[in-house]
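Here the structure comes first, spelled out in structure tokens, and everything after it is commentary.
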There are 2 protein chains.
Amino acid sequence: MFLGTYRHSVDQKGRVAIPARFREQLPTGTIIAKGAEGCLQVYPPEEWGREQGLQRLGSMTPAEERRLARMMFGAARECEFDVQGRIVLSQDQRQYAGISATAWIVGVNNLIEIWNDEAWRRIGEATPEEYTRIQDQVAERRRASGR
Amino acid sequence: MFLGTYRHSVDQKGRVAIPARFREQLPTGTIIAKGAEGCLQVYPPEEWGREQGLQRLGSMTPAEERRLARMMFGAARECEFDVQGRIVLSQDQRQYAGISATAWIVGVNNLIEIWNDEAWRRIGEATPEEYTRIQDQVAERRRASGR
DNA sequence: CACAAAGTGGGGAAAAGTGGGGAAAATGAG
DNA sequence: CTCATTTTCCCCACTTTTCCCCACTTTGTG
């Protein structure tokens, strides 16, 4: 399980340190892909496998899903860690996520997301009031779906 | 079951001692998260699993749930106790809860909450009249929703 | 009052994160 | 094909943070 939010610097070569707590849980075969809302997503192998299962193309696949699969799999890459535990974000990935000198690295249960400052402030930062509202929303949703 | 209210100091490194009575009931895998009304919440593993564990993030997750998952998991951390039974509250957590030199640690049945002085005074110091009124309100609401 | 348990504070080693130099590999122009 | 330029990545050095350990104080109990 990946938990917590970390702010790390991205150097001129595009390297970011993945927090040690996360790195321990990331075997070789970990994949980095483009994600919704302009973030980058890091999938451990089993989670990536789940996505593969979900997004198989065939003659019956609707256009939208074909498009999603192409974007997602086409833009993905295997993560390669250096001795210091950093990965290199490609030019393309940095541009997609709008990342320059710093990045937020966020554990979201089964995967990790990487955000630029401004986007994470908008999406992830919560005052107690917002947070209270969000929690009520979760509770409401849960009640509605009968869990 | 967690009962009682304790006032402990938070040192310059952000460490708080969790009361021994509580600690005995907290195995490894205990989670600390942000909670409603600006408190921090400490979940024993089963409680965390019941509340949050089910949600997974993937390409098929709807936008609303993506936001919830990012906030819930991004704001949480696994508790790590030192030999003295203390945990470290991160900078971010302390800021969220408005905690500096002291904190109130409160057992609330199935989980533990951590509050700053001022907020806890508002919540915890109920007069008999207020207490009665709140109890009646909750009972009424429950009856109305048929639980 | 004495002893044990719980809580508090700080010093220092170890780990994590950051930045840059330079060799090897890839790319691209002539 | 060759040479120059860029990119990649491996390695080292430095800074900051974390956390492990010890010692002291306070509280509670017999």
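In the structure tokens, each chain is lettered A, B, ... as it comes, each chain's residues begin at 1, and ligands are numbered from 1 in order of appearance.
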Quick check: residues of chain A within 7 Å of chain B, only C-alpha atoms, returned as JSON, numbers by chain.
{"A": [3, 4, 5, 106, 107, 108, 109, 110, 124, 128, 129, 131, 132, 134, 135]}
For the interface of chain D with segment 3-22 of chain C (cut-off 9 Å, counting only C-alpha atoms (C1' of nucleotides)), please tabulate each contacting residue of chain D alongside its nearest pair of atoms and their separation in Å to one decimal, rows sorted by chain and increasing number, as a Markdown table.
| residue | atom | partner | partner_atom | distance |
| --- | --- | --- | --- | --- |
| D:DC12 | C1' | C:DG21 | C1' | 8.9 |
| D:DC14 | C1' | C:DT18 | C1' | 8.4 |
| D:DT15 | C1' | C:DT18 | C1' | 7.7 |
| D:DT16 | C1' | C:DG17 | C1' | 7.5 |
| D:DT17 | C1' | C:DA16 | C1' | 7.2 |
| D:DT18 | C1' | C:DA15 | C1' | 7.2 |
| D:DC19 | C1' | C:DA14 | C1' | 8.4 |
| D:DC20 | C1' | C:DA13 | C1' | 8.3 |
| D:DC24 | C1' | C:DT8 | C1' | 8.4 |
| D:DT25 | C1' | C:DT8 | C1' | 7.4 |
| D:DT26 | C1' | C:DG7 | C1' | 7.3 |
| D:DT27 | C1' | C:DA6 | C1' | 7.3 |
| D:DG28 | C1' | C:DA5 | C1' | 8.0 |
| D:DT29 | C1' | C:DA4 | C1' | 8.3 |
| D:DG30 | C1' | C:DC3 | C1' | 8.8 |
Could you write out that same residue set with N, CA and C atoms (P, O5', C5', C4', C3', O3' and C1' of nucleotides) as a compact mmCIF listing (two decimals), in the first residue's frame?
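Now in again.txt:
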# COMPACT_ATOMS: atom_id res chain seq x y z
P DC D 12 32.77 5.24 -7.37
O5' DC D 12 32.81 6.72 -6.80
C5' DC D 12 33.54 7.73 -7.50
C4' DC D 12 33.13 9.09 -6.99
C3' DC D 12 33.21 9.27 -5.47
O3' DC D 12 34.09 10.35 -5.19
C1' DC D 12 31.16 10.11 -6.32
P DC D 14 32.97 16.35 -0.51
O5' DC D 14 31.54 16.98 -0.19
C5' DC D 14 30.99 17.95 -1.08
C4' DC D 14 29.52 18.13 -0.74
C3' DC D 14 29.26 18.45 0.74
O3' DC D 14 28.66 19.74 0.82
C1' DC D 14 27.78 16.75 -0.08
P DT D 15 28.25 20.32 2.28
O5' DT D 15 26.69 20.01 2.34
C5' DT D 15 25.85 20.40 1.25
C4' DT D 15 24.42 20.03 1.59
C3' DT D 15 23.97 20.44 2.98
O3' DT D 15 22.73 21.12 2.85
C1' DT D 15 23.58 18.12 2.63
P DT D 16 21.98 21.75 4.12
O5' DT D 16 20.82 20.69 4.40
C5' DT D 16 20.01 20.25 3.32
C4' DT D 16 19.18 19.09 3.78
C3' DT D 16 18.46 19.30 5.12
O3' DT D 16 17.09 19.15 4.86
C1' DT D 16 19.55 17.18 5.05
P DT D 17 15.99 19.38 6.02
O5' DT D 17 15.59 17.89 6.40
C5' DT D 17 15.28 16.98 5.35
C4' DT D 17 15.23 15.57 5.90
C3' DT D 17 14.35 15.40 7.14
O3' DT D 17 13.38 14.44 6.80
C1' DT D 17 16.46 14.33 7.43
P DT D 18 12.21 14.01 7.82
O5' DT D 18 12.77 12.63 8.38
C5' DT D 18 13.21 11.65 7.45
C4' DT D 18 13.87 10.50 8.18
C3' DT D 18 13.07 9.95 9.37
O3' DT D 18 13.04 8.55 9.21
C1' DT D 18 15.29 10.39 10.01
P DC D 19 12.01 7.62 9.98
O5' DC D 19 12.93 6.93 11.07
C5' DC D 19 14.12 6.26 10.68
C4' DC D 19 14.97 6.01 11.91
C3' DC D 19 14.14 5.65 13.15
O3' DC D 19 14.88 4.73 13.95
C1' DC D 19 15.49 7.43 13.64
P DC D 20 14.64 3.15 13.86
O5' DC D 20 15.85 2.55 14.71
C5' DC D 20 17.19 2.83 14.30
C4' DC D 20 18.03 3.24 15.49
C3' DC D 20 17.66 2.57 16.81
O3' DC D 20 18.80 1.90 17.31
C1' DC D 20 17.95 4.89 17.11
P DC D 24 21.24 11.07 33.64
O5' DC D 24 19.92 11.93 33.87
C5' DC D 24 19.72 13.12 33.10
C4' DC D 24 18.24 13.46 33.09
C3' DC D 24 17.61 13.48 34.49
O3' DC D 24 17.10 14.79 34.74
C1' DC D 24 16.27 12.26 32.94
P DT D 25 16.37 15.12 36.15
O5' DT D 25 14.83 15.03 35.75
C5' DT D 25 14.36 15.77 34.62
C4' DT D 25 12.86 15.53 34.48
C3' DT D 25 12.08 15.70 35.79
O3' DT D 25 10.96 16.51 35.51
C1' DT D 25 11.62 13.59 34.82
P DT D 26 10.01 17.02 36.69
O5' DT D 26 8.72 16.12 36.53
C5' DT D 26 8.09 16.03 35.25
C4' DT D 26 7.11 14.87 35.27
C3' DT D 26 6.15 14.88 36.46
O3' DT D 26 4.83 14.91 35.93
C1' DT D 26 7.08 12.73 36.12
P DT D 27 3.57 15.10 36.86
O5' DT D 27 2.94 13.63 36.88
C5' DT D 27 2.77 12.93 35.66
C4' DT D 27 2.44 11.48 35.97
C3' DT D 27 1.41 11.31 37.09
O3' DT D 27 0.36 10.49 36.60
C1' DT D 27 3.29 9.91 37.44
P DG D 28 -0.99 10.29 37.41
O5' DG D 28 -0.92 8.75 37.80
C5' DG D 28 -0.39 7.79 36.88
C4' DG D 28 -0.02 6.55 37.64
C3' DG D 28 -1.00 6.17 38.76
O3' DG D 28 -1.23 4.77 38.68
C1' DG D 28 1.19 6.25 39.60
P DT D 29 -2.44 4.07 39.45
O5' DT D 29 -1.73 2.83 40.14
C5' DT D 29 -0.48 2.36 39.63
C4' DT D 29 0.21 1.50 40.68
C3' DT D 29 -0.72 1.01 41.82
O3' DT D 29 -0.34 -0.32 42.14
C1' DT D 29 1.09 2.20 42.72
P DG D 30 -1.33 -1.28 42.96
O5' DG D 30 -0.36 -1.99 43.99
C5' DG D 30 0.88 -2.55 43.56
C4' DG D 30 1.84 -2.58 44.74
C3' DG D 30 1.24 -3.15 46.02
O3' DG D 30 2.20 -3.99 46.65
C1' DG D 30 2.05 -0.97 46.42
DSSP on the backbone: which residues in segment 30-107 of chain A end up as strand (DSSP E or B)? Give the answer as a PyMOL selection string.
chain A and resi 31-34+40-43+77-78+86-88+102-107
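Superposing chain A on chain B by least squares over every C-alpha atom, paired in order, leaves an RMSD of 1.7 Å.
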9 Å contact set for Val16 of chain A, only C-alpha atoms (C1' of nucleotides), chain neighbours under 6 positions out, as a PyMOL selection string
chain A and resi 8-10+85-89+102-103
Spatial neighbours of DC10 of chain D, 12 Å, only C-alpha atoms (C1' of nucleotides), chain gap at least 5 places, as a ChimeraX atom specification
/A:81-84 /C:21-24
Can those selected residues be exported to a file as a PDB file, in the first residue's frame so that it contains N, CA and C atoms (P, O5', C5', C4', C3', O3' and C1' of nucleotides)?
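File written: again-v5.pdb
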ATOM      1  N   PHE A  81      15.666   2.476 -12.082  1.00  0.00           N
ATOM      2  CA  PHE A  81      16.206   3.191 -10.929  1.00  0.00           C
ATOM      3  C   PHE A  81      17.728   3.238 -10.983  1.00  0.00           C
ATOM      4  N   ASP A  82      18.306   4.390 -10.650  1.00  0.00           N
ATOM      5  CA  ASP A  82      19.754   4.414 -10.487  1.00  0.00           C
ATOM      6  C   ASP A  82      20.094   4.033  -9.044  1.00  0.00           C
ATOM      7  N   VAL A  83      21.391   4.048  -8.723  1.00  0.00           N
ATOM      8  CA  VAL A  83      21.832   3.565  -7.412  1.00  0.00           C
ATOM      9  C   VAL A  83      21.237   4.406  -6.280  1.00  0.00           C
ATOM     10  N   GLN A  84      20.924   5.659  -6.548  1.00  0.00           N
ATOM     11  CA  GLN A  84      20.354   6.542  -5.529  1.00  0.00           C
ATOM     12  C   GLN A  84      18.841   6.406  -5.442  1.00  0.00           C
TER      13      GLN A  84
ATOM     14  P    DG C  21      30.115  19.868 -12.978  1.00  0.00           P
ATOM     15  O5'  DG C  21      31.531  19.125 -12.941  1.00  0.00           O
ATOM     16  C5'  DG C  21      31.951  18.385 -11.789  1.00  0.00           C
ATOM     17  C4'  DG C  21      32.600  17.083 -12.236  1.00  0.00           C
ATOM     18  C3'  DG C  21      33.162  17.081 -13.654  1.00  0.00           C
ATOM     19  O3'  DG C  21      34.389  16.347 -13.656  1.00  0.00           O
ATOM     20  C1'  DG C  21      31.535  15.383 -13.468  1.00  0.00           C
ATOM     21  P    DG C  22      35.305  16.274 -14.963  1.00  0.00           P
ATOM     22  O5'  DG C  22      34.974  14.846 -15.573  1.00  0.00           O
ATOM     23  C5'  DG C  22      35.276  13.665 -14.839  1.00  0.00           C
ATOM     24  C4'  DG C  22      34.729  12.466 -15.579  1.00  0.00           C
ATOM     25  C3'  DG C  22      35.133  12.399 -17.061  1.00  0.00           C
ATOM     26  O3'  DG C  22      35.392  11.043 -17.393  1.00  0.00           O
ATOM     27  C1'  DG C  22      32.815  12.303 -16.883  1.00  0.00           C
ATOM     28  P    DA C  23      36.444  10.628 -18.542  1.00  0.00           P
ATOM     29  O5'  DA C  23      35.937   9.177 -18.992  1.00  0.00           O
ATOM     30  C5'  DA C  23      35.818   8.143 -18.017  1.00  0.00           C
ATOM     31  C4'  DA C  23      34.664   7.229 -18.412  1.00  0.00           C
ATOM     32  C3'  DA C  23      34.775   6.663 -19.824  1.00  0.00           C
ATOM     33  O3'  DA C  23      34.389   5.293 -19.811  1.00  0.00           O
ATOM     34  C1'  DA C  23      32.735   7.835 -19.598  1.00  0.00           C
ATOM     35  P    DA C  24      34.645   4.287 -21.035  1.00  0.00           P
ATOM     36  O5'  DA C  24      33.171   4.087 -21.618  1.00  0.00           O
ATOM     37  C5'  DA C  24      32.201   3.411 -20.825  1.00  0.00           C
ATOM     38  C4'  DA C  24      30.845   3.547 -21.480  1.00  0.00           C
ATOM     39  C3'  DA C  24      30.769   3.035 -22.921  1.00  0.00           C
ATOM     40  O3'  DA C  24      29.624   2.200 -23.029  1.00  0.00           O
ATOM     41  C1'  DA C  24      29.925   5.248 -22.793  1.00  0.00           C
TER      42       DA C  24
END
Enumerate as a ChimeraX atom specification all residues of chain B assigned to helix (DSSP H, G or I) by DSSP on the backbone, naming them with the chain letters and numbers the document uses.
/B:20-23,36-38,45-53,63-74,91-97,117-124,128-145
